[in-house]
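K.L.:
My structure is in start-v9.cif, and what it holds is mmCIF, C-alpha atoms:
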```
data_data
loop_
_atom_site.label_atom_id
_atom_site.label_comp_id
_atom_site.auth_asym_id
_atom_site.auth_seq_id
_atom_site.Cartn_x
_atom_site.Cartn_y
_atom_site.Cartn_z
CA MET A 99 202.18 85.74 76.07
CA ARG A 100 201.36 82.03 76.09
CA ARG A 101 201.25 81.98 79.90
CA SER A 102 198.82 84.85 80.09
CA VAL A 103 196.65 83.19 77.46
CA SER A 104 196.65 79.99 79.54
CA ILE A 105 195.76 81.94 82.63
CA ALA A 106 193.01 83.70 80.70
CA VAL A 107 191.64 80.38 79.44
CA LEU A 108 191.75 78.91 82.95
CA THR A 109 189.99 81.97 84.36
CA VAL A 110 187.26 81.73 81.75
CA ALA A 111 186.86 78.04 82.47
CA LEU A 112 186.53 78.70 86.20
CA ALA A 113 184.10 81.53 85.64
CA THR A 114 181.70 79.45 83.57
CA GLY A 115 181.80 76.95 86.39
CA VAL A 116 179.21 74.32 85.51
CA GLY A 117 180.76 70.89 84.93
CA THR A 118 184.17 72.24 84.05
CA ILE A 119 185.93 71.05 87.18
CA THR A 120 185.99 67.34 86.73
CA VAL A 121 188.39 65.77 89.20
CA GLY A 122 186.12 63.39 91.14
CA GLN A 123 183.60 65.87 92.57
CA LYS A 124 181.62 66.81 89.53
CA ASN A 125 178.86 68.99 90.74
CA ILE A 126 179.62 69.69 94.40
CA LEU A 127 181.42 72.92 93.64
CA ALA A 128 178.77 73.90 91.16
CA SER A 129 176.06 73.25 93.79
CA ALA A 130 177.81 75.26 96.43
CA GLN A 131 178.29 78.17 94.12
CA GLU A 132 174.96 78.01 92.26
CA LYS A 133 171.73 77.01 94.05
CA PRO A 134 171.16 74.72 97.09
CA ALA A 135 170.09 71.12 96.46
CA THR A 136 166.39 70.38 96.70
CA ALA A 137 164.54 67.23 97.52
CA GLU A 138 160.88 66.24 97.57
CA VAL A 139 158.67 64.24 99.84
CA LYS A 140 155.19 63.32 98.65
CA ILE A 141 152.42 62.93 101.19
CA ASP A 142 149.75 60.50 100.03
CA ASN A 143 147.59 57.74 101.44
CA PHE A 144 148.46 58.66 105.02
CA SER A 145 152.18 58.18 104.43
CA PHE A 146 155.34 60.13 103.63
CA GLY A 147 157.19 59.03 100.51
CA PRO A 148 160.02 58.34 100.84
CA ALA A 149 159.65 57.62 104.55
CA THR A 150 163.40 58.03 105.02
CA LEU A 151 165.15 60.71 102.97
CA THR A 152 168.90 61.22 103.01
CA VAL A 153 170.19 64.59 101.84
CA PRO A 154 173.37 66.70 102.02
CA VAL A 155 173.62 69.64 104.42
CA GLY A 156 172.03 72.73 102.93
CA THR A 157 169.26 70.88 101.10
CA SER A 158 165.82 72.42 100.94
CA VAL A 159 163.20 69.70 101.33
CA THR A 160 159.66 70.32 100.07
CA TRP A 161 156.70 68.25 101.26
CA THR A 162 153.66 68.24 98.96
CA ASN A 163 150.31 66.92 100.14
CA ARG A 164 148.72 64.80 97.43
CA ASP A 165 146.26 63.17 99.80
CA ASP A 166 142.58 64.13 99.94
CA ILE A 167 142.90 64.83 103.67
CA PRO A 168 144.99 67.57 105.36
CA HIS A 169 148.29 66.68 107.03
CA THR A 170 151.12 68.44 108.85
CA VAL A 171 154.88 68.00 108.98
CA VAL A 172 156.23 68.37 112.52
CA SER A 173 159.67 67.42 113.82
CA THR A 174 159.70 65.37 117.00
CA ASP A 175 162.59 67.19 118.68
CA ASP A 176 162.14 69.76 121.43
CA PRO A 177 162.35 72.64 120.73
CA LYS A 178 160.95 71.80 117.30
CA SER A 179 163.28 72.21 114.33
CA PHE A 180 160.33 72.56 111.96
CA LYS A 181 156.55 72.63 112.11
CA SER A 182 154.33 73.24 109.10
CA LYS A 183 150.91 74.79 109.21
CA VAL A 184 148.07 72.50 108.13
CA LEU A 185 148.53 71.43 104.50
CA ASP A 186 145.38 70.80 102.54
CA THR A 187 145.51 68.92 99.21
CA ASP A 188 148.26 70.34 96.89
CA GLU A 189 149.69 72.65 99.57
CA LYS A 190 153.43 72.56 100.25
CA PHE A 191 155.88 73.10 103.06
CA SER A 192 159.64 73.61 102.69
CA PHE A 193 162.48 73.52 105.17
CA THR A 194 166.22 73.94 104.59
CA PHE A 195 168.42 71.62 106.63
CA SER A 196 171.52 73.61 107.48
CA LYS A 197 172.80 71.25 110.19
CA ALA A 198 173.75 67.60 109.85
CA GLY A 199 171.75 65.12 111.90
CA THR A 200 168.74 62.83 111.91
CA TYR A 201 165.36 64.55 111.99
CA PRO A 202 162.40 62.28 112.75
CA TYR A 203 159.04 63.92 112.08
CA PHE A 204 155.34 63.03 112.00
CA CYS A 205 151.91 64.31 111.09
CA SER A 206 150.45 65.88 114.23
CA ILE A 207 146.90 65.18 113.03
CA HIS A 208 147.53 61.51 112.26
CA PRO A 209 150.45 60.60 114.52
CA LYS A 210 150.86 57.10 113.09
CA MET A 211 152.32 58.82 109.99
CA THR A 212 156.05 59.12 110.59
CA GLY A 213 159.11 59.94 108.51
CA LYS A 214 162.77 60.80 108.85
CA VAL A 215 165.23 63.13 107.14
CA ILE A 216 168.91 62.18 107.49
CA VAL A 217 171.18 65.12 106.77
CA GLN A 218 174.81 64.29 106.04
CA MET B 289 116.32 42.82 107.72
CA ALA B 290 116.86 40.31 110.56
CA GLY B 291 114.05 38.19 111.93
CA LYS B 292 112.12 38.82 115.13
CA LEU B 293 114.18 38.77 118.36
CA LYS B 294 113.24 36.76 121.44
CA ASP B 295 112.99 38.69 124.68
CA GLU B 296 114.27 36.03 127.04
CA ILE B 297 117.27 36.44 129.30
CA LEU B 298 120.02 34.01 128.31
CA TYR B 299 123.02 35.21 130.35
CA ASP B 300 122.42 37.45 133.34
CA HIS B 301 126.06 37.93 134.38
CA ASN B 302 125.50 40.91 136.62
CA HIS B 303 122.23 39.73 138.13
CA ASP B 304 120.59 42.92 137.02
CA GLY B 305 118.08 41.43 134.61
CA ILE B 306 120.06 42.65 131.58
CA ASP B 307 121.06 40.04 129.04
CA ARG B 308 124.34 41.00 127.35
CA ARG B 309 123.85 38.60 124.44
CA GLY B 310 120.41 39.97 123.78
CA PHE B 311 121.78 43.46 124.00
CA LEU B 312 124.50 42.66 121.47
CA LYS B 313 122.03 41.01 119.09
CA CYS B 314 119.87 44.05 119.32
CA MET B 315 122.82 46.34 118.65
CA ALA B 316 123.60 44.37 115.51
CA TRP B 317 120.04 44.97 114.42
CA ALA B 318 120.24 48.67 115.06
CA GLY B 319 121.69 49.57 111.67
CA THR B 320 118.63 48.14 109.94
CA GLY B 321 116.19 50.43 111.70
CA ALA B 322 115.22 48.86 114.99
CA LEU B 323 114.44 50.58 118.24
CA CYS B 324 115.68 48.88 121.37
CA VAL B 325 114.20 50.06 124.62
CA MET B 326 114.97 49.02 128.18
CA SER B 327 111.77 48.15 130.00
CA GLY B 328 111.78 46.56 133.43
CA GLY B 329 115.40 45.58 132.93
CA VAL B 330 114.67 43.60 129.78
CA LEU B 331 115.61 44.81 126.35
CA LYS B 332 112.61 44.93 124.05
CA SER B 333 112.97 45.55 120.38
CA TYR B 334 110.53 47.09 117.97
CA SER B 335 110.98 47.49 114.25
CA LEU B 336 110.63 51.13 113.31
CA ASN B 337 107.53 50.60 111.17
CA ARG B 338 105.65 49.23 114.17
CA LEU B 339 106.43 52.27 116.32
CA PRO B 340 102.85 53.64 116.16
CA GLU B 341 101.77 50.56 118.20
CA MET B 342 103.99 51.62 121.11
CA SER B 343 102.84 54.15 123.64
CA SER B 344 105.03 57.22 123.49
CA LYS B 345 106.27 56.56 127.03
CA ASP B 346 107.54 53.15 125.88
CA ALA B 347 109.18 54.71 122.86
CA MET B 348 110.73 57.63 124.68
CA GLY B 349 111.98 56.14 127.90
CA GLU B 350 112.75 59.10 130.12
CA LEU B 351 115.88 60.62 128.63
CA SER B 352 116.52 60.92 124.95
CA PHE B 353 119.47 62.54 123.20
CA VAL B 354 121.26 62.36 119.88
CA GLN B 355 124.92 61.93 119.01
CA ILE B 356 126.25 63.34 115.75
CA SER B 357 129.87 63.27 114.74
CA ASP B 358 132.54 64.20 112.22
CA SER B 359 130.71 66.89 110.28
CA HIS B 360 134.09 68.00 108.77
CA MET B 361 132.66 71.32 107.59
CA GLY B 362 134.99 72.57 104.87
CA PHE B 363 135.70 69.18 103.30
CA ASN B 364 134.94 69.35 99.60
CA LYS B 365 136.60 66.39 97.87
CA PRO B 366 134.84 63.74 95.74
CA ALA B 367 133.86 61.56 98.72
CA ASN B 368 131.32 64.31 99.53
CA PRO B 369 131.36 67.70 97.79
CA ASP B 370 128.47 68.96 99.96
CA VAL B 371 129.06 68.26 103.65
CA ALA B 372 126.75 71.16 104.58
CA GLY B 373 123.94 69.45 102.69
CA THR B 374 124.45 66.12 104.44
CA LEU B 375 124.66 67.84 107.84
CA LYS B 376 121.33 69.52 107.05
CA ALA B 377 119.92 66.08 106.14
CA ALA B 378 121.11 64.82 109.55
CA VAL B 379 119.27 67.72 111.23
CA ASP B 380 116.12 66.83 109.25
CA LYS B 381 116.47 63.24 110.47
CA ILE B 382 116.83 64.41 114.07
CA ASN B 383 113.78 66.65 113.72
CA ALA B 384 111.76 63.72 112.39
CA LEU B 385 112.42 61.47 115.41
CA SER B 386 109.16 60.52 117.11
CA ALA B 387 110.50 61.37 120.55
CA ALA B 388 112.22 64.77 120.34
CA PRO B 389 115.70 64.44 121.86
CA GLU B 390 116.43 66.77 124.74
CA PHE B 391 119.95 67.69 123.59
CA MET B 392 122.74 66.69 121.22
CA LEU B 393 126.31 65.51 121.64
CA HIS B 394 128.84 66.28 118.89
CA THR B 395 131.82 63.97 119.23
CA GLY B 396 134.23 66.13 117.26
CA ASP B 397 135.76 66.98 113.88
CA ILE B 398 133.11 69.68 113.72
CA SER B 399 135.31 71.51 111.21
CA HIS B 400 137.72 70.15 108.65
CA LEU B 401 140.51 72.75 108.91
CA SER B 402 139.66 74.60 112.15
CA LYS B 403 138.59 77.65 110.12
CA PRO B 404 136.22 80.15 111.80
CA GLU B 405 133.79 80.09 108.88
CA GLU B 406 133.60 76.29 109.12
CA PHE B 407 132.61 76.42 112.79
CA ASP B 408 130.16 79.25 111.98
CA THR B 409 128.47 77.15 109.29
CA VAL B 410 127.98 74.19 111.62
CA ASP B 411 126.56 76.47 114.30
CA GLN B 412 124.10 77.91 111.76
CA ILE B 413 122.96 74.51 110.52
CA LEU B 414 122.54 73.07 114.02
CA LYS B 415 120.35 76.06 114.95
CA GLY B 416 117.73 74.38 112.75
CA ALA B 417 117.62 71.30 114.98
CA LYS B 418 114.84 71.00 117.55
CA PRO B 419 117.21 70.17 120.45
CA LYS B 420 118.75 73.54 121.29
CA ASP B 421 121.49 72.38 123.65
CA VAL B 422 124.57 70.91 122.02
CA PHE B 423 127.59 69.60 123.93
CA TYR B 424 130.88 69.33 122.05
CA VAL B 425 134.23 67.63 122.37
CA PRO B 426 136.99 68.40 119.85
CA GLY B 427 138.35 66.16 117.12
CA GLU B 428 141.92 66.51 115.85
CA HIS B 429 140.59 68.63 112.94
CA ASP B 430 139.21 71.19 115.41
CA VAL B 431 142.47 72.04 117.16
CA LEU B 432 144.81 72.74 114.22
CA ASN B 433 147.18 75.72 114.18
CA ASP B 434 146.24 77.16 117.57
CA ASP B 435 146.44 74.33 120.12
CA GLY B 436 142.67 74.38 120.41
CA LYS B 437 142.24 78.00 121.56
CA GLN B 438 139.44 78.69 119.11
CA PHE B 439 137.60 75.50 120.05
CA LEU B 440 137.76 76.43 123.72
CA GLU B 441 136.49 79.95 123.06
CA ARG B 442 133.54 78.66 121.08
CA TYR B 443 132.55 75.50 122.91
CA GLY B 444 134.60 75.09 126.06
CA LYS B 445 133.62 77.97 128.31
CA ALA B 446 132.58 75.74 131.20
CA SER B 447 135.35 73.22 130.69
CA LYS B 448 138.72 72.45 132.22
CA GLY B 449 142.10 72.06 130.57
CA ALA B 450 141.80 71.32 126.86
CA GLY B 451 138.00 71.14 127.10
CA TRP B 452 136.89 68.34 129.41
CA TYR B 453 133.79 68.68 131.57
CA SER B 454 130.81 66.84 133.02
CA PHE B 455 127.11 67.47 133.59
CA ASP B 456 124.01 65.63 134.79
CA LYS B 457 120.74 64.96 133.02
CA LYS B 458 117.84 63.08 134.67
CA GLY B 459 120.14 61.20 136.99
CA ALA B 460 122.68 60.18 134.35
CA HIS B 461 126.20 61.65 134.53
CA PHE B 462 127.75 62.81 131.23
CA ILE B 463 131.51 63.28 130.84
CA GLY B 464 133.13 64.94 127.81
CA LEU B 465 136.78 63.95 127.39
CA VAL B 466 139.49 65.30 125.07
CA ASN B 467 141.90 62.78 123.58
CA VAL B 468 143.19 64.69 120.53
CA MET B 469 145.76 67.03 122.10
CA ASN B 470 149.53 66.53 122.37
CA LEU B 471 149.53 63.51 120.11
CA LYS B 472 152.95 61.86 120.00
CA ALA B 473 154.66 60.52 116.89
CA GLY B 474 153.59 56.95 116.22
CA GLY B 475 151.01 57.21 118.97
CA LEU B 476 147.27 56.89 119.50
CA GLY B 477 144.79 59.25 121.13
CA THR B 478 145.78 60.38 124.60
CA LEU B 479 143.95 61.70 127.67
CA GLY B 480 146.95 62.76 129.73
CA HIS B 481 147.67 62.84 133.42
CA GLU B 482 145.84 66.07 134.30
CA GLN B 483 142.59 64.97 132.68
CA LEU B 484 142.77 61.50 134.23
CA GLU B 485 143.22 63.01 137.68
CA TRP B 486 140.24 65.28 137.06
CA LEU B 487 138.15 62.27 135.95
CA GLU B 488 139.03 60.25 139.03
CA ASP B 489 137.95 63.14 141.20
CA ASP B 490 134.81 63.88 139.15
CA VAL B 491 133.31 60.40 139.64
CA LYS B 492 134.63 59.71 143.12
CA HIS B 493 131.47 60.59 145.02
CA LEU B 494 128.88 59.33 142.56
CA LYS B 495 126.64 56.40 143.53
CA HIS B 496 127.50 53.14 141.77
CA SER B 497 124.00 53.05 140.32
CA THR B 498 124.48 56.34 138.43
CA PRO B 499 124.52 55.63 134.70
CA ILE B 500 127.64 57.14 133.15
CA VAL B 501 127.92 58.40 129.58
CA ILE B 502 131.41 59.24 128.34
CA PHE B 503 131.85 61.01 125.05
CA ALA B 504 135.17 61.64 123.32
CA HIS B 505 136.37 61.84 119.73
CA ILE B 506 138.88 59.01 119.25
CA PRO B 507 137.59 55.57 120.35
CA LEU B 508 138.41 54.70 123.94
CA TRP B 509 138.96 51.08 123.02
CA SER B 510 141.45 49.57 120.64
CA VAL B 511 139.54 49.43 117.37
CA TYR B 512 142.56 49.35 115.05
CA PRO B 513 145.86 50.70 116.42
CA GLU B 514 147.60 50.50 113.01
CA TRP B 515 145.40 53.40 111.91
CA GLY B 516 145.59 55.24 115.22
CA TRP B 517 142.08 54.08 116.16
CA GLY B 518 142.51 53.83 119.92
CA THR B 519 143.53 55.76 123.04
CA GLU B 520 146.80 54.98 124.82
CA ASP B 521 145.69 55.64 128.37
CA SER B 522 141.97 54.84 128.25
CA ALA B 523 142.47 51.77 130.47
CA GLN B 524 143.27 54.14 133.33
CA ALA B 525 140.07 56.11 132.68
CA LEU B 526 137.98 52.95 132.57
CA ALA B 527 139.54 51.77 135.84
CA TYR B 528 138.01 54.82 137.55
CA LEU B 529 134.60 53.77 136.19
CA LYS B 530 134.79 50.13 137.22
CA LYS B 531 132.43 50.56 140.16
CA PHE B 532 129.52 51.80 138.03
CA GLY B 533 126.78 49.45 136.92
CA SER B 534 126.28 51.10 133.55
CA VAL B 535 128.86 52.92 131.46
CA THR B 536 128.17 53.96 127.87
CA VAL B 537 131.08 55.26 125.80
CA LEU B 538 130.20 57.27 122.69
CA ASN B 539 132.97 58.04 120.21
CA GLY B 540 133.46 59.20 116.63
CA HIS B 541 136.61 59.56 114.51
CA ILE B 542 136.31 56.34 112.51
CA HIS B 543 133.24 57.36 110.46
CA GLN B 544 131.41 54.06 110.86
CA VAL B 545 129.35 52.31 113.48
CA MET B 546 131.18 49.89 115.73
CA GLN B 547 130.22 48.56 119.09
CA LYS B 548 131.62 46.39 121.83
CA VAL B 549 130.36 45.32 125.23
CA GLU B 550 132.88 44.61 127.96
CA GLY B 551 131.43 43.91 131.39
CA ASN B 552 129.44 46.98 132.40
CA VAL B 553 130.82 49.12 129.59
CA THR B 554 129.18 49.52 126.19
CA PHE B 555 131.42 51.16 123.59
CA HIS B 556 129.87 52.67 120.51
CA THR B 557 131.15 54.76 117.60
CA ALA B 558 128.93 56.83 115.34
CA CYS B 559 128.74 57.42 111.61
CA SER B 560 130.00 60.71 110.21
CA THR B 561 127.59 63.18 108.67
CA ALA B 562 130.26 63.97 106.05
CA PHE B 563 131.93 60.88 104.55
CA PRO B 564 132.51 57.21 105.39
CA GLN B 565 135.87 55.55 106.03
CA PRO B 566 136.89 51.99 105.26
CA GLN B 567 136.59 49.17 107.75
CA PRO B 568 139.79 48.36 109.66
CA GLY B 569 142.42 46.93 107.34
CA LYS B 570 140.11 46.90 104.31
CA ALA B 571 142.04 49.68 102.56
CA ASP B 572 145.60 51.04 102.44
CA SER B 573 144.72 53.95 104.68
CA PRO B 574 141.81 55.30 106.74
CA GLY B 575 141.03 58.12 104.30
CA PRO B 576 137.65 59.22 102.94
CA MET B 577 135.95 56.36 101.17
CA LYS B 578 134.18 57.13 97.90
CA VAL B 579 130.84 55.47 97.26
CA PRO B 580 128.42 56.06 94.35
CA ALA B 581 126.64 59.39 94.91
CA GLU B 582 123.23 57.75 95.29
CA GLN B 583 124.59 55.59 98.13
CA LEU B 584 126.29 58.35 100.11
CA LYS B 585 123.41 59.07 102.49
CA SER B 586 123.12 55.40 103.36
CA VAL B 587 126.66 55.40 104.83
CA LEU B 588 126.22 58.59 106.86
CA GLY B 589 124.09 58.78 109.97
CA ILE B 590 123.06 59.86 113.46
CA THR B 591 122.74 57.98 116.76
CA ASP B 592 119.65 58.21 118.96
CA VAL B 593 120.03 57.28 122.63
CA ASN B 594 117.24 56.54 125.09
CA TYR B 595 117.44 55.97 128.79
CA ILE B 596 114.73 55.06 131.26
CA GLN B 597 115.54 56.29 134.74
CA GLY B 598 116.07 53.43 137.13
CA GLN B 599 117.12 51.04 134.39
CA HIS B 600 120.71 50.24 133.50
CA ALA B 601 121.96 50.18 129.97
CA LEU B 602 121.06 52.94 127.55
CA ALA B 603 119.40 52.03 124.29
CA VAL B 604 121.59 53.17 121.44
CA VAL B 605 120.08 53.25 117.95
CA ASP B 606 121.90 54.23 114.77
CA SER B 607 120.07 55.37 111.70
CA THR B 608 121.40 56.39 108.32
CA LEU B 609 120.50 59.55 106.43
CA ALA B 610 118.93 57.64 103.53
#
```
Kindly present the structure from the file in structure tokens form.
P.N.:
Amino acid sequence: MRRSVSIAVLTVALATGVGTITVGQKNILASAQEKPATAEVKIDNFSFGPATLTVPVGTSVTWTNRDDIPHTVVSTDDPKSFKSKVLDTDEKFSFTFSKAGTYPYFCSIHPKMTGKVIVQ
Amino acid sequence: MAGKLKDEILYDHNHDGIDRRGFLKCMAWAGTGALCVMSGGVLKSYSLNRLPEMSSKDAMGELSFVQISDSHMGFNKPANPDVAGTLKAAVDKINALSAAPEFMLHTGDISHLSKPEEFDTVDQILKGAKPKDVFYVPGEHDVLNDDGKQFLERYGKASKGAGWYSFDKKGAHFIGLVNVMNLKAGGLGTLGHEQLEWLEDDVKHLKHSTPIVIFAHIPLWSVYPEWGWGTEDSAQALAYLKKFGSVTVLNGHIHQVMQKVEGNVTFHTACSTAFPQPQPGKADSPGPMKVPAEQLKSVLGITDVNYIQGQHALAVVDSTLA
């Protein structure tokens, strides 16, 4: 009787999931089971902020253009991993990084604007 | 307004009767409303309010054209909420020139977002200008989303590659170059191998005395590399033009007037008809610069160019919309 109650309690604890598994890796399991991590890059004043962003595999990164001039987000690899359409002020572009690696990118309209996403 | 200029020759480096210092001094004057005209190899200047005293042949030279640039049709932020209105004001200014220009050059960023309706609006507005022929080169805002296909369809029918071409007017040779395609991360404007080869071939058989006018969007000299204001491989292009006695380079992109004389080459950038940008290094970034509404037209402008056949340098005059 006691054992089945314990098992029942444990099952309930596992089912609720969030924050109940506490040994060292607090939210990793929760993240994997719930929704993917997200991260933001703000485009303003002809620059990407942060210029270098480090995220875990599976993260969806969203770039938002806060500048008063249009910009693009284009990876420098070939073939291109990602390439946004032109983003006018307040428009967004998202890309989910499913593979680890370093992804340098730039604005194809203003090529001096460069950034990097490091996926670990 | 600057004082009266002297017409003497101080430094005649090329033994062609053209004084580079005088030319530069005159260029510096240009923004205040002076007309500089080549006459018998000597640069003469006239303040605009004394123009009626000149004969129209003196005023006109033999070839007259206008450069406009960076109309950015579709831009609607505080720096200028009415770019159609300021483009119309530029057309009014062109139509009021005493010597009607024969044609116009548009050095790119015709549209702001490469949208069809933006190109259509510019076409409509420019139909109101007296000069009916307009020659275009693309800016980076004109080739978004489609690798420049729409630009080529609209403006590049007689061109090669991404839209480069040349033509002759009254003995002067005009070359439109494209330096806004295939931009590399961290890079500047670029002409590319194919276009450079075409250029070398295009000018190969021209006489050294042929005046050359190059027009392209991004400056062909290093104005401010930190902001991408330069072209990586322009030195190669200029090497092909070394033999010519007179080369005038007309650019846009930086939304302000800048000029430089280097040997036989005069570089010049035009104002935008849409919004100004800060001077190199004077702001965090080269974005649209807001000025009080009543000052806007004084920082936008057109460029009037006159050439007398048989003379060397072209007379380049900037005037603002105010």
K.L.:
Work out how far apart atom CA of B:Asp411 and atom CA of B:Ser607 are and give it in Å to one decimal.
P.N.:
22.2 Å
K.L.:
Which chain A residues are at most 10 Å from chain B (counting only C-alpha atoms), as a PyMOL selection string?
P.N.:
chain A and resi 142-145+165-170+172-174+182-187+202-213
K.L.:
The PyMOL selection byres ((chain B and resi 590) around 7) - which residues does that actually catch in the file I just gave you? List them as a PDB file with C-alpha atoms, keeping the file's coordinate frame.
P.N.:
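Dumped to part_3.pdb:
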```
ATOM      1  CA  GLN B 355     124.920  61.930 119.010  1.00  0.00           C
ATOM      2  CA  ILE B 356     126.250  63.340 115.750  1.00  0.00           C
ATOM      3  CA  ALA B 378     121.110  64.820 109.550  1.00  0.00           C
ATOM      4  CA  ALA B 558     128.930  56.830 115.340  1.00  0.00           C
ATOM      5  CA  CYS B 559     128.740  57.420 111.610  1.00  0.00           C
ATOM      6  CA  GLY B 589     124.090  58.780 109.970  1.00  0.00           C
ATOM      7  CA  THR B 591     122.740  57.980 116.760  1.00  0.00           C
ATOM      8  CA  ASP B 592     119.650  58.210 118.960  1.00  0.00           C
ATOM      9  CA  ASP B 606     121.900  54.230 114.770  1.00  0.00           C
ATOM     10  CA  SER B 607     120.070  55.370 111.700  1.00  0.00           C
ATOM     11  CA  THR B 608     121.400  56.390 108.320  1.00  0.00           C
TER      12      THR B 608
END
```
K.L.:
Please compute the atom CA of B:Phe353-atom CA of B:Ala387 distance, one decimal, in Å.
P.N.:
9.4 Å
K.L.:
So what do you get for atom CA of B:Gln483 versus atom CA of B:Val545, distance-wise?
P.N.:
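Spanning atom CA of B:Gln483 to atom CA of B:Val545 is a straight-line distance of 26.5 Å.
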K.L.:
On this structure, the PyMOL selection byres ((chain B and resi 421) around 12) would catch which residues? List them as a count of residues only, sorted by chain and number.
P.N.:
22
K.L.:
Please produce, as CSV, a per-residue contact table for stretch 361-449 of chain B versus stretch 499-511 of chain B (criterion: any atom at most 7 Å away, only C-alpha atoms considered), showing the nearest atom pair and its distance in Å to one decimal, sorted by chain then residue number.
P.N.:
```
residue,atom,partner,partner_atom,distance
B:Thr395,CA,B:His505,CA,5.0
B:Gly396,CA,B:His505,CA,5.4
B:Val425,CA,B:Ala504,CA,6.1
B:Pro426,CA,B:His505,CA,6.6
B:Gly427,CA,B:His505,CA,5.4
```
